[in-house]
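Each remark here refers to the structure printed beneath this line.
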Amino acid sequence: MLLRAYTHSPQFIRTTCANFFSSHPLTRIPLAHRRVKVPLNAAAAAKFSTKSAVPLTTKHAADNNNDSNVIPLDMLFVPPGVERNEIKEDMLLPGSNIVMGPYAGDAKIKQVEFKGSSIRANDCPKDGKPEFAMLGRSNVGKSSLINCLVRKDIAMTSKKPGKTQLINHFLINKSWYIVDLPGYGYAYAPESARLDWNTFTKGYFLKRDTLVAVMLLVDASVPPQKIDLDCANWLGRNNIPLTFVFTKCDKRKSGKSGLKPPERNIQDFQDLIKKNYREPPPWIMTSSISNLGRDDLLLHMSQLRNYWDN
Ligand code: GDP
């Protein structure tokens, strides 16, 4: 079973927690043709699951006056050391599909230090410490989230997108890194900048052995964007483990605007990608304004890191 593999291989993240595009029959079908017919509502989706479900309670779900959102058991991210049939409701991180297991440790950030900017993957720190890459479309809220995680203004917010093509390493508690990568998809960036992003950032993902996982930031206040789906696809095809970090979950539009609340955008996003994953990738809701998901995301990173370290 997959969970056995998790338990025995220290490289579980690269080998099993990673997604399985290459072996999936739908891998090469463009996303646009892959819309799957599933109920939009998570609670309704649970009814279609053959397995039992656990309720997901988030601040926002509660605000919504909806019946409580429910995540089917088979859509949860189950970490190493936990069997699916052992999962209890209180093991779920709020506003996510992430189950906490025995590898979750001290997640507090006590110290942060800027270690430098690199132009290429080859120039990045070579001390072998584990790292998490923060990636997302320009303006997704990446700098705000990094600042929120470390409780300091270290990442430059609202910098001119398309300009900063550097890999920035922040050393946390002298033991692991948060890596700020250039944002992609800036609408007004010159073609050359977009091409640069491809060769430059993709090189980092393919070469970086100490990469524990990519935190792929996705704006939950807007409908799924093709560029984010393409990025998720590319990471998936290259077996690079990722967590979907939904940003701006505090943004609620009025019913009249015709825009959907974050939970619905997140559900739509999941519906578009779930066929591509044999195991559901972890996802979590965050807001840098309200700090929603901040501590939970750090806990999730701690459990990935601690397993990676062992
Ligand atoms: P980056 O380009 O991905 O680094 O994005 P920034 O962190 O610079 O944020 C882009 C814009 O989104 C800024 O105007 C932020 O104030 C806003 N923003 C970032 N995070 C949030 C959030 O969690 N909630 C809301 N409502 N706005 C956010």
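Please note that chains go A, B, ... in the order of the structure tokens, that every chain numbers its residues from 1, and that ligands are numbered from 1 in the order shown.
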
Report as a CSV table (one decimal) with C-alpha atoms, in the first residue's frame: the residues of region 76-289 of chain A with a DSSP assignment of strand (DSSP E or B), based on the backbone of this structure.
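Dumped everything to part_14.csv:
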```
chain,number,residue,atom,x,y,z
A,77,PHE,CA,-4.0,14.3,2.5
A,92,LEU,CA,-7.6,17.7,10.4
A,96,SER,CA,-7.6,22.2,4.7
A,98,ILE,CA,-4.4,18.0,5.7
A,99,VAL,CA,-4.3,15.3,8.4
A,112,VAL,CA,14.7,34.4,10.2
A,113,GLU,CA,17.7,35.5,8.3
A,114,PHE,CA,18.0,36.6,4.6
A,115,LYS,CA,20.7,34.3,3.2
A,116,GLY,CA,20.9,35.9,-0.3
A,117,SER,CA,19.6,36.0,-3.8
A,118,SER,CA,20.7,33.6,-6.5
A,131,GLU,CA,13.6,24.1,1.7
A,132,PHE,CA,10.1,25.1,0.7
A,133,ALA,CA,9.6,27.1,-2.5
A,134,MET,CA,6.9,29.7,-2.5
A,135,LEU,CA,5.5,30.0,-6.0
A,136,GLY,CA,2.5,31.7,-7.6
A,137,ARG,CA,1.2,34.2,-10.1
A,167,ILE,CA,15.7,33.1,-6.0
A,168,ASN,CA,15.7,34.5,-2.5
A,169,HIS,CA,16.6,32.2,0.4
A,170,PHE,CA,15.4,33.0,4.0
A,171,LEU,CA,16.9,30.8,6.7
A,172,ILE,CA,14.4,29.9,9.4
A,176,TRP,CA,15.4,25.2,7.0
A,177,TYR,CA,14.6,27.6,4.2
A,178,ILE,CA,11.7,29.5,2.8
A,179,VAL,CA,12.5,30.3,-0.8
A,180,ASP,CA,10.8,33.2,-2.5
A,184,TYR,CA,4.8,34.0,-13.0
A,211,LEU,CA,13.4,20.9,-2.1
A,212,VAL,CA,10.9,19.4,0.3
A,213,ALA,CA,7.8,20.7,-1.5
A,214,VAL,CA,6.5,23.6,-3.5
A,215,MET,CA,3.9,25.8,-1.9
A,216,LEU,CA,1.8,26.7,-5.0
A,217,LEU,CA,-0.1,29.9,-4.1
A,218,VAL,CA,-3.5,30.2,-5.8
A,219,ASP,CA,-5.8,33.2,-5.4
A,242,LEU,CA,3.3,20.5,-4.0
A,243,THR,CA,0.8,21.9,-1.6
A,244,PHE,CA,-1.9,24.2,-2.9
A,245,VAL,CA,-2.0,27.3,-0.7
A,246,PHE,CA,-5.1,29.3,-1.3
A,247,THR,CA,-4.6,33.0,-0.7
A,283,TRP,CA,-4.4,22.1,0.2
A,284,ILE,CA,-5.0,24.9,2.7
A,285,MET,CA,-6.9,28.2,3.0
```

Counting only C-alpha atoms and all ligand atoms, what residues are within 7 Å of ligand 1, given as a VMD selection string? chain A and resid 136 to 145 156 to 159 161 183 247 to 251 286 to 289

Neighbours of region 292-309 of chain A within 8 Å (only C-alpha atoms; same-chain residues fewer than 5 positions away dropped), as a list of chain:residue names?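 Here the qualifying residues turn out to be A:Pro10, A:Gln11, A:Phe12, A:Ile13, A:Pro80, A:Leu93, A:Pro94, A:Gly95, A:Ile98, A:Met100, A:Gly101, A:Pro102, A:Tyr103, A:Ala104, A:Gly105, A:Asp106, A:Ala107, A:Lys108, A:Pro130, A:Cys148, A:Leu149, A:Val212, A:Cys249, A:Ile284, A:Met285, A:Thr286, A:Ser287.
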
Can I get the selection written as a PDB file, in the first residue's frame, with N, CA and C atoms?
```
ATOM      1  N   PRO A  10      12.514   7.550   3.310  1.00  0.00           N
ATOM      2  CA  PRO A  10      12.739   8.935   3.739  1.00  0.00           C
ATOM      3  C   PRO A  10      12.474   9.910   2.606  1.00  0.00           C
ATOM      4  N   GLN A  11      12.513   9.468   1.414  1.00  0.00           N
ATOM      5  CA  GLN A  11      12.256  10.358   0.288  1.00  0.00           C
ATOM      6  C   GLN A  11      10.800  10.268  -0.142  1.00  0.00           C
ATOM      7  N   PHE A  12       9.912  10.015   0.835  1.00  0.00           N
ATOM      8  CA  PHE A  12       8.519   9.769   0.458  1.00  0.00           C
ATOM      9  C   PHE A  12       7.936  10.926  -0.331  1.00  0.00           C
ATOM     10  N   ILE A  13       8.412  12.106   0.014  1.00  0.00           N
ATOM     11  CA  ILE A  13       7.806  13.271  -0.625  1.00  0.00           C
ATOM     12  C   ILE A  13       8.066  13.231  -2.122  1.00  0.00           C
ATOM     13  N   PRO A  80       2.656  10.434   6.405  1.00  0.00           N
ATOM     14  CA  PRO A  80       3.259   9.189   6.818  1.00  0.00           C
ATOM     15  C   PRO A  80       2.952   8.903   8.286  1.00  0.00           C
ATOM     16  N   LEU A  93      -6.315  19.673   9.955  1.00  0.00           N
ATOM     17  CA  LEU A  93      -6.017  21.100  10.092  1.00  0.00           C
ATOM     18  C   LEU A  93      -7.200  21.886   9.562  1.00  0.00           C
ATOM     19  N   PRO A  94      -7.678  22.883  10.309  1.00  0.00           N
ATOM     20  CA  PRO A  94      -8.849  23.640   9.868  1.00  0.00           C
ATOM     21  C   PRO A  94      -8.625  24.291   8.498  1.00  0.00           C
ATOM     22  N   GLY A  95      -9.677  24.328   7.695  1.00  0.00           N
ATOM     23  CA  GLY A  95      -9.594  24.973   6.389  1.00  0.00           C
ATOM     24  C   GLY A  95      -8.620  24.286   5.453  1.00  0.00           C
ATOM     25  N   ILE A  98      -5.689  18.529   5.178  1.00  0.00           N
ATOM     26  CA  ILE A  98      -4.446  17.964   5.701  1.00  0.00           C
ATOM     27  C   ILE A  98      -4.650  17.315   7.073  1.00  0.00           C
ATOM     28  N   MET A 100      -3.044  15.703  10.424  1.00  0.00           N
ATOM     29  CA  MET A 100      -1.807  15.802  11.190  1.00  0.00           C
ATOM     30  C   MET A 100      -1.388  14.424  11.668  1.00  0.00           C
ATOM     31  N   GLY A 101      -0.112  14.156  11.557  1.00  0.00           N
ATOM     32  CA  GLY A 101       0.393  12.854  11.969  1.00  0.00           C
ATOM     33  C   GLY A 101       1.512  12.985  12.979  1.00  0.00           C
ATOM     34  N   PRO A 102       2.204  11.904  13.243  1.00  0.00           N
ATOM     35  CA  PRO A 102       3.225  11.890  14.287  1.00  0.00           C
ATOM     36  C   PRO A 102       4.459  12.727  13.953  1.00  0.00           C
ATOM     37  N   TYR A 103       4.621  13.143  12.698  1.00  0.00           N
ATOM     38  CA  TYR A 103       5.821  13.901  12.352  1.00  0.00           C
ATOM     39  C   TYR A 103       5.664  15.407  12.569  1.00  0.00           C
ATOM     40  N   ALA A 104       4.458  15.860  12.919  1.00  0.00           N
ATOM     41  CA  ALA A 104       4.276  17.297  13.156  1.00  0.00           C
ATOM     42  C   ALA A 104       5.028  17.673  14.423  1.00  0.00           C
ATOM     43  N   GLY A 105       5.870  18.683  14.327  1.00  0.00           N
ATOM     44  CA  GLY A 105       6.666  19.062  15.503  1.00  0.00           C
ATOM     45  C   GLY A 105       6.508  20.536  15.795  1.00  0.00           C
ATOM     46  N   ASP A 106       7.531  21.108  16.392  1.00  0.00           N
ATOM     47  CA  ASP A 106       7.492  22.515  16.733  1.00  0.00           C
ATOM     48  C   ASP A 106       7.520  23.335  15.439  1.00  0.00           C
ATOM     49  N   ALA A 107       6.473  24.121  15.254  1.00  0.00           N
ATOM     50  CA  ALA A 107       6.364  24.845  13.991  1.00  0.00           C
ATOM     51  C   ALA A 107       6.678  26.329  14.166  1.00  0.00           C
ATOM     52  N   LYS A 108       7.030  26.740  15.364  1.00  0.00           N
ATOM     53  CA  LYS A 108       7.233  28.180  15.616  1.00  0.00           C
ATOM     54  C   LYS A 108       8.443  28.722  14.868  1.00  0.00           C
ATOM     55  N   PRO A 130      16.786  21.542   4.298  1.00  0.00           N
ATOM     56  CA  PRO A 130      15.548  21.405   3.525  1.00  0.00           C
ATOM     57  C   PRO A 130      14.913  22.762   3.207  1.00  0.00           C
ATOM     58  N   CYS A 148       3.759  37.264   6.502  1.00  0.00           N
ATOM     59  CA  CYS A 148       2.810  36.824   7.526  1.00  0.00           C
ATOM     60  C   CYS A 148       3.362  35.579   8.248  1.00  0.00           C
ATOM     61  N   LEU A 149       3.970  34.672   7.502  1.00  0.00           N
ATOM     62  CA  LEU A 149       4.511  33.447   8.116  1.00  0.00           C
ATOM     63  C   LEU A 149       5.639  33.776   9.086  1.00  0.00           C
ATOM     64  N   VAL A 212      11.829  20.275  -0.387  1.00  0.00           N
ATOM     65  CA  VAL A 212      10.866  19.361   0.250  1.00  0.00           C
ATOM     66  C   VAL A 212       9.548  19.406  -0.517  1.00  0.00           C
ATOM     67  N   CYS A 249      -8.292  34.364   1.250  1.00  0.00           N
ATOM     68  CA  CYS A 249      -9.563  33.705   1.596  1.00  0.00           C
ATOM     69  C   CYS A 249     -10.466  34.599   2.438  1.00  0.00           C
ATOM     70  N   ILE A 284      -4.669  24.126   1.526  1.00  0.00           N
ATOM     71  CA  ILE A 284      -5.016  24.863   2.750  1.00  0.00           C
ATOM     72  C   ILE A 284      -5.451  26.282   2.400  1.00  0.00           C
ATOM     73  N   MET A 285      -6.398  26.795   3.172  1.00  0.00           N
ATOM     74  CA  MET A 285      -6.891  28.164   2.969  1.00  0.00           C
ATOM     75  C   MET A 285      -6.108  29.132   3.855  1.00  0.00           C
ATOM     76  N   THR A 286      -5.714  30.268   3.283  1.00  0.00           N
ATOM     77  CA  THR A 286      -4.975  31.249   4.073  1.00  0.00           C
ATOM     78  C   THR A 286      -5.472  32.675   3.788  1.00  0.00           C
ATOM     79  N   SER A 287      -5.130  33.558   4.696  1.00  0.00           N
ATOM     80  CA  SER A 287      -5.290  34.991   4.454  1.00  0.00           C
ATOM     81  C   SER A 287      -4.205  35.723   5.218  1.00  0.00           C
TER      82      SER A 287
END
```

Expressed in Å to a single decimal, how great is the separation between CA of Asn147 (chain A) and CA of Ile109 (chain A)?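 Taking CA of Asn147 (chain A) as the start and CA of Ile109 (chain A) as the end point, the length is 11.6 Å.
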
Residue nearest Asp271 (chain A) among A:Lys207, A:Pro223, A:Gly81, A:Asn238 (counting only C-alpha atoms):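 Closest to Asp271 (chain A), using only C-alpha atoms: A:Pro223.
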
Pick from A:Leu73, A:Ile87, A:Leu206, A:Val222: nearest to Asn265 (chain A), with only C-alpha atoms counted?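 Smallest distance to Asn265 (chain A) is found for A:Val222.
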
Best match for closeness to Asp230 (chain A) among A:Asn173, A:Asn276, A:Glu89, A:Gln165, counting only C-alpha atoms: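 Distance minimum relative to Asp230 (chain A) lands on A:Asn276.
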